[in-house]
There are 2 protein chains.
Amino acid sequence: MSESTPAYKAPLFEPLARQPASHRIATVIEQKILRRSLRPGDDLPTETELAEQFAVNRSTVREALRRLESAGLVGREGGSKRLKVTRPGHAETASRVGRTLALDDVTFIELWEAMRAVAPRVAALTAEQGSAADVAQLEAIVSAVETARSADGAVNQVVEFFGKLAELSGNRVLQLAMQPVTRLLAPSLRRMIDRVPQGRTRILVAQRCIVEAIREHKPDEAESWMTRHVQDFRRGYELAGIALDTKVGVGSMAD
Amino acid sequence: MSESTPAYKAPLFEPLARQPASHRIATVIEQKILRRSLRPGDDLPTETELAEQFAVNRSTVREALRRLESAGLVGREGGSKRLKVTRPGHAETASRVGRTLALDDVTFIELWEAMRAVAPRVAALTAEQGSAADVAQLEAIVSAVETARSADGAVNQVVEFFGKLAELSGNRVLQLAMQPVTRLLAPSLRRMIDRVPQGRTRILVAQRCIVEAIREHKPDEAESWMTRHVQDFRRGYELAGIALDTKVGVGSMAD
DNA sequence: ATAGTCCGATTGTCGGACAATATAGTGCCC
DNA sequence: GGGCACTATATTGTCCGACAATCGGACTAT
């Protein structure tokens with residue numbers, strides 16, 4: 001393949017951008033929100049008012065509002081009629097990221113690598129700050145993993161374990177990073193547990209060690225246990241005879 | 001606060017969800033896309049056709065389409081009129097995540113911790129697979145960092161360095177995770193460079209070491225150099241006398 | 001083949017309309 | 001005065017019909 005730019009024609013002129021009014025209106029309101037002129041909880045003007053202010057038809061305003069609504073920047077609370085400014089929820093954002101990744105056909109190994117990077121640090125952070133109450137919550141989840149009757153239940157609890165860990169770490173960035181990954185990884189975990197019987201107990205052991213390290217405030221131990229735990233997960237996957245470049249499906253994106 | 005559930009009234013019945021038609025239509029189409037019945041590149045029917053099929057007015061269809069458009073699930077290519085199914089672009093998703101985090105007032109330390117977790121692994125992965133061409137690209141960026149005239153230019157190139165690294169790692173999950181973090185971190189980096197003169201050369205040194213480790217396919221070295229690099233960044237931040245719990249602003253969310 | 005012209009299809013926006021219902025009064029009773 | 005039913009108003013969700021702009025093609029002349 002010729003690597004050089006085709007020199008076809010230097011893009012002498014940009015394609016001038018003619019955005020529809022609804023788009024521009026959405027952008028303007030969005031900027032107001034991002035710049036904190038409009039803050040979460042504030043009421044938006046009514047559609048009619050907005051239409052007057054922007055000097056456009058109400059239909060046009062509505063399209064802009066649907067845009068913002070979909071972006072999670074505005075929404076309703078309760079059965080209310082009025083639109084309020086809202087901060088995009090983590091859950092929603094995470095699910096959107098998950099969709100993006102799923103539609104991109106990311107592979108198991110890519111997700112696993114992300115897990116490999118994030119989870120140990122999360123464990124370490126939690127071990128640094130975790131309170132007794134936190135440990136109790138984690139233990140509750142671990143025993144739920146143990147006593148779960150169905151495989152699906154167990155998997156859900158494992159996901160919950162990671163989620164709670166991220167929450168307790170107090171780091172919202174890592175929390176947001178972890179959420180889509182665990183969600184997308186869940187179906188793989190499910191298959192793995194089905195095919196590798198000892199997998200579940202191995203998970204339990206690892207979780208216990210991690211929780212123990214957190215209880216004793218030993219970040220390094222928590223981190224290394226988590227690293228082993230994640231690596232063990234991968235080994236289980238290989239044991240189950242599943243290719244590492246398996247594409248994760250849309251699965252569990254019920255929304 | 002009374003922790004027990006108020007027992008106020010057992011929610012015998014859910015508040016039945018009466019979603020507006022536009023919302024339901026968006027959901028139906030979204031499902032079709034997620035289930036791959038509609039695949040990226042496919043043309044959507046025209047608004048009039050959709051209106052007929054759903055037996056609603058065209059305005060209603062339009063609101064649904066604006067929703068999907070904002071979600072990045074459909075869009076136009078070129079100056080075309082027809083809507084096509086598109087996969088949500090990484091850039092767009094990343095910028096959305098960035099917005100969520102910014103509106104959440106995440107602090108510098110949270111972002112840094114994410115960087116601390118992800119960047120070293122990314123460097124290691126790239127070192128495993130990096131080709132000579134890849135190394136050349138990284139070197140180009142490093143020298144751009146060196147020769148950048150303005151501080152802003154240098155910062156942008158540093159962001160670019162991390163972005164390219166993530167891209168070369170071949171892991172789209174990590175790439176997507178890294179993008180919003182570096183973007184949000186950029187303003188802090190800018191301030192740091194302003195106040196700590198030697199910061200820039202330290203960054204250069206670290207980058208050179210990292211690239212070198214990648215060239216020689218030494219993942220462990222790349223990882224540990226990157227770890228040091230990230231930690232150095234934090235030290236610079238402290239040196240600059242900026243509090244670790246500084247909230248990152250919306251900054252650089254020009255979109 | 002290229003450029004010019006014409007026409008139908010499609011989108012973006014408009015103005016007006018109406019049913020359903022959330023919200024704000026308003027009056028009534030205790 | 002406070003609580004409650006009831007009414008009036010405002011607001012949203014949806015529909016209808018319309019029109020300018022423009023995109024996509026077809027068709028033609030060079």
# chains A, B, ... in the order shown; residues from 1 in each chain; ligands from 1
call {"tool": "closest_atom_pairs", "arguments": {"of": "chain A", "to": "chain C", "cutoff": "10 Å", "atoms": "only C-alpha atoms (C1' of nucleotides)", "output": "JSON lines"}}
result
{"residue": "A:Pro20", "atom": "CA", "partner": "C:DG12", "partner_atom": "C1'", "distance": 7.0}
{"residue": "A:Ala21", "atom": "CA", "partner": "C:DG12", "partner_atom": "C1'", "distance": 8.4}
{"residue": "A:Ser22", "atom": "CA", "partner": "C:DG12", "partner_atom": "C1'", "distance": 8.9}
{"residue": "A:Val56", "atom": "CA", "partner": "C:DT13", "partner_atom": "C1'", "distance": 8.3}
{"residue": "A:Asn57", "atom": "CA", "partner": "C:DC14", "partner_atom": "C1'", "distance": 6.3}
{"residue": "A:Arg58", "atom": "CA", "partner": "C:DC14", "partner_atom": "C1'", "distance": 9.1}
{"residue": "A:Ser59", "atom": "CA", "partner": "C:DT13", "partner_atom": "C1'", "distance": 8.1}
{"residue": "A:Thr60", "atom": "CA", "partner": "C:DT13", "partner_atom": "C1'", "distance": 7.1}
{"residue": "A:Gly79", "atom": "CA", "partner": "C:DA22", "partner_atom": "C1'", "distance": 8.4}
{"residue": "A:Ser80", "atom": "CA", "partner": "C:DA22", "partner_atom": "C1'", "distance": 6.8}
{"residue": "A:Lys81", "atom": "CA", "partner": "C:DA22", "partner_atom": "C1'", "distance": 6.2}
{"residue": "A:Arg82", "atom": "CA", "partner": "C:DA22", "partner_atom": "C1'", "distance": 8.9}
call {"tool": "closest_atom_pairs", "arguments": {"of": "chain D", "to": "chain A", "cutoff": "10 Å", "atoms": "only C-alpha atoms (C1' of nucleotides)", "output": "JSON lines"}}
result
{"residue": "D:DA10", "atom": "C1'", "partner": "A:Thr46", "partner_atom": "CA", "distance": 9.7}
{"residue": "D:DT11", "atom": "C1'", "partner": "A:Lys81", "partner_atom": "CA", "distance": 7.3}
{"residue": "D:DT12", "atom": "C1'", "partner": "A:Lys81", "partner_atom": "CA", "distance": 6.9}
call {"tool": "residues_around", "arguments": {"residues": "Arg87 (chain B)", "least_positions_apart": "6", "cutoff": "7 Å", "atoms": "only C-alpha atoms (C1' of nucleotides)", "output": "list in words"}}
result
Leu103 of chain A; Pro40, Gly72 and Leu73 of chain B
call {"tool": "write_last_selection", "arguments": {"atoms": "all heavy atoms", "output": "compact mmCIF listing (two decimals), in the first residue's frame"}}
result
# COMPACT_ATOMS: atom_id res chain seq x y z
N LEU A 103 -20.05 -2.45 20.87
CA LEU A 103 -20.24 -2.25 19.43
C LEU A 103 -18.90 -2.24 18.71
O LEU A 103 -18.83 -2.45 17.50
CB LEU A 103 -20.98 -0.95 19.16
CG LEU A 103 -22.49 -1.02 19.35
CD1 LEU A 103 -23.12 0.33 19.14
CD2 LEU A 103 -23.08 -2.02 18.37
N PRO B 40 -23.65 -0.84 11.65
CA PRO B 40 -22.99 0.40 11.26
C PRO B 40 -22.80 0.48 9.76
O PRO B 40 -22.32 -0.47 9.14
CB PRO B 40 -21.65 0.31 11.99
CG PRO B 40 -21.94 -0.48 13.20
CD PRO B 40 -23.00 -1.48 12.78
N GLY B 72 -24.86 8.96 19.60
CA GLY B 72 -23.82 8.54 18.67
C GLY B 72 -24.13 7.25 17.95
O GLY B 72 -23.27 6.67 17.30
N LEU B 73 -25.39 6.80 18.06
CA LEU B 73 -25.73 5.54 17.42
C LEU B 73 -26.10 5.72 15.96
O LEU B 73 -26.03 4.78 15.18
CB LEU B 73 -26.89 4.85 18.17
CG LEU B 73 -26.49 4.30 19.53
CD1 LEU B 73 -27.71 3.82 20.29
CD2 LEU B 73 -25.51 3.15 19.35
call {"tool": "closest_atom_pairs", "arguments": {"of": "chain B", "to": "chain A", "cutoff": "6 Å", "atoms": "only C-alpha atoms", "output": "tab-separated table"}}
result
residue	atom	partner	partner_atom	distance
B:Glu63	CA	A:Glu63	CA	5.4
B:Arg66	CA	A:Arg67	CA	5.6
B:Arg67	CA	A:Arg67	CA	5.2
B:Ser70	CA	A:Arg67	CA	5.4
B:Pro88	CA	A:Thr100	CA	5.8
B:Thr100	CA	A:Pro88	CA	5.9
B:Glu110	CA	A:Asn171	CA	5.4
B:Ala114	CA	A:Leu174	CA	5.8
B:Ala117	CA	A:Val118	CA	5.5
B:Val118	CA	A:Ala117	CA	5.5
B:Arg121	CA	A:Ala117	CA	5.9
B:Asn171	CA	A:Glu110	CA	5.4
B:Leu174	CA	A:Ala114	CA	5.8
call {"tool": "atom_distance", "arguments": {"atom1": "C1' of DC16 (chain D)", "atom2": "CA of Gly75 (chain B)"}}
result
27.3 Å
call {"tool": "select_by_dssp", "arguments": {"residues": "region 10-248 of chain B", "states": "strand (DSSP E or B)", "output": "number ranges by chain"}}
result
B: 43, 74-75, 84-85, 107, 247
call {"tool": "select_by_dssp", "arguments": {"residues": "region 97-155 of chain B", "states": "helix (DSSP H, G or I)", "output": "PyMOL selection string"}}
result
chain B and resi 97-103+108-129+132-147+151-155
call {"tool": "closest_residue", "arguments": {"among": "B:Leu138, B:Ala133, B:Val74, B:Leu83", "to": "Cys209 (chain B)", "atoms": "only C-alpha atoms"}}
result
B:Leu138
call {"tool": "residues_around", "arguments": {"residues": "region 218-226 of chain A", "least_positions_apart": "6", "cutoff": "6 Å", "atoms": "only C-alpha atoms (C1' of nucleotides)", "output": "JSON list (two decimals) with N, CA and C atoms, in the first residue's frame"}}
result
[["chain", "number", "residue", "atom", "x", "y", "z"],
["A", 120, "PRO", "N", -6.08, -4.00, 40.71],
["A", 120, "PRO", "CA", -5.11, -4.02, 41.80],
["A", 120, "PRO", "C", -4.95, -2.67, 42.48],
["A", 123, "ALA", "N", -7.83, -2.02, 44.73],
["A", 123, "ALA", "CA", -7.72, -2.77, 45.98],
["A", 123, "ALA", "C", -6.74, -2.08, 46.92],
["A", 124, "ALA", "N", -5.63, -1.62, 46.36],
["A", 124, "ALA", "CA", -4.64, -0.96, 47.20],
["A", 124, "ALA", "C", -5.21, 0.30, 47.84],
["A", 127, "ALA", "N", -7.56, -0.51, 50.56],
["A", 127, "ALA", "CA", -6.84, -0.98, 51.75],
["A", 127, "ALA", "C", -6.28, 0.18, 52.55],
["A", 128, "GLU", "N", -5.93, 1.25, 51.86],
["A", 128, "GLU", "CA", -5.38, 2.40, 52.57],
["A", 128, "GLU", "C", -6.40, 3.07, 53.45],
["A", 210, "ILE", "N", -8.10, -10.84, 49.76],
["A", 210, "ILE", "CA", -8.12, -9.42, 49.47],
["A", 210, "ILE", "C", -8.79, -8.66, 50.62]]
call {"tool": "residues_around", "arguments": {"residues": "region 195-205 of chain A", "least_positions_apart": "4", "cutoff": "9 Å", "atoms": "only C-alpha atoms (C1' of nucleotides)", "output": "VMD selection string"}}
result
chain A and resid 142 to 143 145 to 146 154 158 190 to 191 209 to 210 229 232 to 233 236 to 237 239 to 241
call {"tool": "write_last_selection", "arguments": {"atoms": "N, CA and C atoms", "output": "PDB file, in the first residue's frame"}}
result
ATOM      1  N   VAL A 142     -18.947 -11.220  49.788  1.00  0.00           N
ATOM      2  CA  VAL A 142     -18.198 -12.466  49.605  1.00  0.00           C
ATOM      3  C   VAL A 142     -19.049 -13.651  50.030  1.00  0.00           C
ATOM      4  N   SER A 143     -19.720 -13.525  51.173  1.00  0.00           N
ATOM      5  CA  SER A 143     -20.519 -14.674  51.592  1.00  0.00           C
ATOM      6  C   SER A 143     -21.718 -14.860  50.669  1.00  0.00           C
ATOM      7  N   VAL A 145     -21.502 -14.454  47.526  1.00  0.00           N
ATOM      8  CA  VAL A 145     -20.918 -15.224  46.426  1.00  0.00           C
ATOM      9  C   VAL A 145     -20.912 -16.709  46.796  1.00  0.00           C
ATOM     10  N   GLU A 146     -20.571 -16.953  48.053  1.00  0.00           N
ATOM     11  CA  GLU A 146     -20.447 -18.344  48.483  1.00  0.00           C
ATOM     12  C   GLU A 146     -21.792 -19.052  48.471  1.00  0.00           C
ATOM     13  N   ALA A 154     -24.103 -16.001  41.458  1.00  0.00           N
ATOM     14  CA  ALA A 154     -22.712 -15.867  41.888  1.00  0.00           C
ATOM     15  C   ALA A 154     -21.987 -14.826  41.053  1.00  0.00           C
ATOM     16  N   VAL A 158     -20.115 -11.389  42.166  1.00  0.00           N
ATOM     17  CA  VAL A 158     -18.708 -11.078  41.885  1.00  0.00           C
ATOM     18  C   VAL A 158     -18.603  -9.683  41.283  1.00  0.00           C
ATOM     19  N   ARG A 190     -19.233 -15.964  33.548  1.00  0.00           N
ATOM     20  CA  ARG A 190     -20.295 -16.953  33.644  1.00  0.00           C
ATOM     21  C   ARG A 190     -19.905 -18.251  32.925  1.00  0.00           C
ATOM     22  N   ARG A 191     -19.457 -18.096  31.702  1.00  0.00           N
ATOM     23  CA  ARG A 191     -19.065 -19.284  30.945  1.00  0.00           C
ATOM     24  C   ARG A 191     -17.921 -20.016  31.637  1.00  0.00           C
ATOM     25  N   CYS A 209      -8.753 -13.339  50.770  1.00  0.00           N
ATOM     26  CA  CYS A 209      -7.414 -12.782  50.997  1.00  0.00           C
ATOM     27  C   CYS A 209      -7.412 -11.279  50.804  1.00  0.00           C
ATOM     28  N   ILE A 210      -8.097 -10.844  49.756  1.00  0.00           N
ATOM     29  CA  ILE A 210      -8.120  -9.417  49.474  1.00  0.00           C
ATOM     30  C   ILE A 210      -8.795  -8.664  50.615  1.00  0.00           C
ATOM     31  N   HIS A 229      -5.472 -12.594  41.653  1.00  0.00           N
ATOM     32  CA  HIS A 229      -6.869 -12.920  41.411  1.00  0.00           C
ATOM     33  C   HIS A 229      -7.223 -12.705  39.934  1.00  0.00           C
ATOM     34  N   ASP A 232      -5.585 -15.183  37.777  1.00  0.00           N
ATOM     35  CA  ASP A 232      -6.249 -16.471  37.934  1.00  0.00           C
ATOM     36  C   ASP A 232      -7.489 -16.541  37.049  1.00  0.00           C
ATOM     37  N   PHE A 233      -8.166 -15.433  36.976  1.00  0.00           N
ATOM     38  CA  PHE A 233      -9.360 -15.372  36.147  1.00  0.00           C
ATOM     39  C   PHE A 233      -9.006 -15.690  34.701  1.00  0.00           C
ATOM     40  N   GLY A 236      -8.295 -19.345  34.305  1.00  0.00           N
ATOM     41  CA  GLY A 236      -9.542 -20.094  34.257  1.00  0.00           C
ATOM     42  C   GLY A 236     -10.168 -20.017  32.874  1.00  0.00           C
ATOM     43  N   TYR A 237     -10.096 -18.856  32.295  1.00  0.00           N
ATOM     44  CA  TYR A 237     -10.670 -18.665  30.965  1.00  0.00           C
ATOM     45  C   TYR A 237      -9.964 -19.546  29.957  1.00  0.00           C
ATOM     46  N   LEU A 239      -8.310 -22.259  30.677  1.00  0.00           N
ATOM     47  CA  LEU A 239      -8.656 -23.638  31.035  1.00  0.00           C
ATOM     48  C   LEU A 239      -9.984 -24.030  30.413  1.00  0.00           C
ATOM     49  N   ALA A 240     -10.891 -23.094  30.413  1.00  0.00           N
ATOM     50  CA  ALA A 240     -12.217 -23.383  29.863  1.00  0.00           C
ATOM     51  C   ALA A 240     -12.161 -23.539  28.352  1.00  0.00           C
ATOM     52  N   GLY A 241     -10.984 -23.297  27.796  1.00  0.00           N
ATOM     53  CA  GLY A 241     -10.821 -23.505  26.363  1.00  0.00           C
ATOM     54  C   GLY A 241     -11.486 -22.461  25.521  1.00  0.00           C
TER      55      GLY A 241
END
